[in-house]
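Asks: There's a structure below that I have some questions on.
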Amino acid sequence: MDMNWSPEDIAFRDEVRAFLDEKLTPDLRAAGTLRTSVYADHEASMKWQAILHERGWAAPAWPVEYGGCDWTLTQHYIFSRESILAGAPALSPMGIRMVSHAIMAFGTQEQKDFFLPGILDGSVFFCQGYSEPEAGSDLASLSMAAVDDGDDLVVTGSKIWTTHAAEANWIFCLVRTSRQDKKQKGITFLLIDMTSPGIEVQPLVFASGEQVQAQVFFDGVRVPKKNVLGKIDDGWTVAKYLLVFERGGGAAAPALQVMAENLGRDAATVTGPDGRPLSEDPAFAHKLNDIQVRAKILEVLEYRALAAMSAGKDPGSIASMLKILGTELSQEITTLALEAAGPHGRVFQPHATRPGGPIFQYTPPTDGYVSGADWQAVAPLHYFNDRAGSIYAGSNEIQRNILAKAALGL
């Protein structure tokens, strides 16, 4: 693989940098830089999406006919890396990166015409209804029922760990429409209007005080059958297709490389055990170098997966491998960042990311005091939130089982 950038790539990089310099306001940069999870502040994220949409860059990985960009793999990488370096807020992945691809592949023309433009401009904002209290990593064990009633399906049950449920106006759900010989059968992929009567959202509070996720209750919610994506009882096929994009459809390596670079810069500002900068401590430097090398390896593997997808091929089980490598490497980086933060990393101070206002029965100091630098204050919040990385989108144990079966034939 030729990793040298062409003159055209360098010109594109400069174009992206100029755009980011012009459009990224200080509040947007703060929302991107100080976030403590994979999700940016919702308001900032939607504001940034509107700016990108105006430029035609909201969903560059989409096919051009649906509003995507005719970029090379290198240009996708450049855009992702430059956006992260500049501190741009992350866009919510549920619509743009996930369900949109399922709609393109399995949706009717009516569904494509309604949902895809709305996802691009932000007027249609999806959350994901997969996990249930009794069905998380073993997703096929879900039991939320959808009963046939004429032109509608009547849905009753609940979904949990639903990110952005409080902000979303649509939810894509897996529901049980029948019970057959295999639990993967009899599942239907359903698009539900969150304003429908009978839906209740109860927020779940993170250890950091954020309320990004929720449990969603459905009590006799009527959903038109025209909102079924794919076929009734064959939703597992749609879900498997979508999971490829959830687990490996994006590029995690640029973000991890930037995290590692920032950690090295921050470690140079604090003192190590021998009185020198922590970045010069041999034990710390060894761990940091290991992380940086693995992030570069992940980048090459992601290029391979993106190349396969660009050629119209199904990357298959490589999505599981990328999900494992990316989430576990992120956890190691946040662990090392917590070590570098030292005593300041042992203080609970969520107001460092959202100044002003009470959070989670927590009253911040009236003078806004933060112990240590911003990165030290954020380190423990990011560490705790990142523990979920090896669970969401299918636990890493499940991903290893998939690899064992698909790649090794075990």
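Ordering of the structure tokens sets the chain letters (A, B, ...); residue numbers start at 1 within each chain; ligands are numbered from 1 in the order shown.
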For region 212-228 of chain A, find every residue with an atom within 6 Å (counting only C-alpha atoms), except residues of its own chain fewer than 4 positions away, and show them as a PDB file with N, CA and C atoms, in the first residue's frame.

Replies:
```
ATOM      1  N   ASP A 151     -53.474  -3.120   9.044  1.00  0.00           N
ATOM      2  CA  ASP A 151     -52.405  -2.386   8.371  1.00  0.00           C
ATOM      3  C   ASP A 151     -51.274  -2.003   9.323  1.00  0.00           C
ATOM      4  N   ASP A 152     -51.425  -2.360  10.605  1.00  0.00           N
ATOM      5  CA  ASP A 152     -50.444  -1.964  11.617  1.00  0.00           C
ATOM      6  C   ASP A 152     -49.833  -3.168  12.313  1.00  0.00           C
ATOM      7  N   LEU A 153     -48.717  -2.913  12.961  1.00  0.00           N
ATOM      8  CA  LEU A 153     -48.159  -3.803  13.969  1.00  0.00           C
ATOM      9  C   LEU A 153     -48.283  -3.077  15.301  1.00  0.00           C
ATOM     10  N   VAL A 154     -48.769  -3.772  16.326  1.00  0.00           N
ATOM     11  CA  VAL A 154     -48.953  -3.168  17.643  1.00  0.00           C
ATOM     12  C   VAL A 154     -47.810  -3.644  18.536  1.00  0.00           C
ATOM     13  N   VAL A 155     -46.989  -2.682  18.997  1.00  0.00           N
ATOM     14  CA  VAL A 155     -45.729  -2.987  19.673  1.00  0.00           C
ATOM     15  C   VAL A 155     -45.858  -2.760  21.176  1.00  0.00           C
ATOM     16  N   THR A 156     -45.413  -3.764  21.950  1.00  0.00           N
ATOM     17  CA  THR A 156     -45.421  -3.673  23.408  1.00  0.00           C
ATOM     18  C   THR A 156     -44.124  -4.268  23.962  1.00  0.00           C
ATOM     19  N   GLY A 157     -43.493  -3.543  24.876  1.00  0.00           N
ATOM     20  CA  GLY A 157     -42.247  -4.018  25.486  1.00  0.00           C
ATOM     21  C   GLY A 157     -41.344  -2.847  25.793  1.00  0.00           C
ATOM     22  N   SER A 158     -40.041  -3.105  25.923  1.00  0.00           N
ATOM     23  CA  SER A 158     -39.108  -2.015  26.214  1.00  0.00           C
ATOM     24  C   SER A 158     -37.743  -2.286  25.611  1.00  0.00           C
ATOM     25  N   LYS A 159     -37.030  -1.191  25.368  1.00  0.00           N
ATOM     26  CA  LYS A 159     -35.642  -1.222  24.920  1.00  0.00           C
ATOM     27  C   LYS A 159     -34.811  -0.433  25.932  1.00  0.00           C
ATOM     28  N   ILE A 160     -33.539  -0.826  26.091  1.00  0.00           N
ATOM     29  CA  ILE A 160     -32.697  -0.179  27.088  1.00  0.00           C
ATOM     30  C   ILE A 160     -31.348   0.188  26.482  1.00  0.00           C
ATOM     31  N   TRP A 161     -30.626   1.071  27.159  1.00  0.00           N
ATOM     32  CA  TRP A 161     -29.353   1.615  26.688  1.00  0.00           C
ATOM     33  C   TRP A 161     -29.536   2.285  25.323  1.00  0.00           C
ATOM     34  N   THR A 162     -30.644   2.986  25.174  1.00  0.00           N
ATOM     35  CA  THR A 162     -30.981   3.624  23.906  1.00  0.00           C
ATOM     36  C   THR A 162     -30.388   5.030  23.869  1.00  0.00           C
ATOM     37  N   THR A 163     -29.305   5.177  23.125  1.00  0.00           N
ATOM     38  CA  THR A 163     -28.603   6.452  23.059  1.00  0.00           C
ATOM     39  C   THR A 163     -29.428   7.498  22.312  1.00  0.00           C
ATOM     40  N   HIS A 164     -29.510   8.701  22.894  1.00  0.00           N
ATOM     41  CA  HIS A 164     -30.205   9.856  22.313  1.00  0.00           C
ATOM     42  C   HIS A 164     -31.705   9.616  22.133  1.00  0.00           C
ATOM     43  N   PHE A 189     -37.549  -5.855  11.472  1.00  0.00           N
ATOM     44  CA  PHE A 189     -36.867  -4.569  11.598  1.00  0.00           C
ATOM     45  C   PHE A 189     -37.889  -3.474  11.327  1.00  0.00           C
ATOM     46  N   LEU A 190     -38.108  -2.628  12.328  1.00  0.00           N
ATOM     47  CA  LEU A 190     -39.219  -1.684  12.282  1.00  0.00           C
ATOM     48  C   LEU A 190     -38.733  -0.257  12.531  1.00  0.00           C
ATOM     49  N   LEU A 191     -39.245   0.689  11.753  1.00  0.00           N
ATOM     50  CA  LEU A 191     -38.959   2.115  11.927  1.00  0.00           C
ATOM     51  C   LEU A 191     -40.165   2.753  12.610  1.00  0.00           C
ATOM     52  N   GLY A 198     -48.143   6.149  23.339  1.00  0.00           N
ATOM     53  CA  GLY A 198     -47.757   4.920  24.015  1.00  0.00           C
ATOM     54  C   GLY A 198     -46.268   4.751  24.234  1.00  0.00           C
ATOM     55  N   ILE A 199     -45.451   5.742  23.831  1.00  0.00           N
ATOM     56  CA  ILE A 199     -43.998   5.667  24.029  1.00  0.00           C
ATOM     57  C   ILE A 199     -43.588   6.549  25.199  1.00  0.00           C
ATOM     58  N   GLU A 200     -42.806   5.976  26.117  1.00  0.00           N
ATOM     59  CA  GLU A 200     -42.295   6.718  27.273  1.00  0.00           C
ATOM     60  C   GLU A 200     -40.790   6.537  27.353  1.00  0.00           C
ATOM     61  N   VAL A 201     -40.068   7.639  27.552  1.00  0.00           N
ATOM     62  CA  VAL A 201     -38.610   7.622  27.637  1.00  0.00           C
ATOM     63  C   VAL A 201     -38.179   7.946  29.056  1.00  0.00           C
ATOM     64  N   GLN A 202     -37.405   7.051  29.672  1.00  0.00           N
ATOM     65  CA  GLN A 202     -36.871   7.277  31.013  1.00  0.00           C
ATOM     66  C   GLN A 202     -35.349   7.334  30.947  1.00  0.00           C
ATOM     67  N   PRO A 203     -34.744   8.506  31.204  1.00  0.00           N
ATOM     68  CA  PRO A 203     -33.290   8.659  31.065  1.00  0.00           C
ATOM     69  C   PRO A 203     -32.512   7.764  32.024  1.00  0.00           C
ATOM     70  N   LEU A 204     -31.319   7.364  31.594  1.00  0.00           N
ATOM     71  CA  LEU A 204     -30.348   6.644  32.417  1.00  0.00           C
ATOM     72  C   LEU A 204     -29.142   7.560  32.599  1.00  0.00           C
TER      73      LEU A 204
END
```

Asks: Kindly give the distance, in Å, that separates CA of His42 (chain A) and CA of Leu85 (chain A), rounded to a single decimal.

Replies: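 The value is 19.9 Å.
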
Asks: Please provide the set of residues having any atom within 10 Å of Ala105 (chain A), restricted to only C-alpha atoms, with same-chain residues fewer than 6 positions apart removed, written as a ChimeraX atom specification.

Replies: /A:99,112,229-230,238,241-242
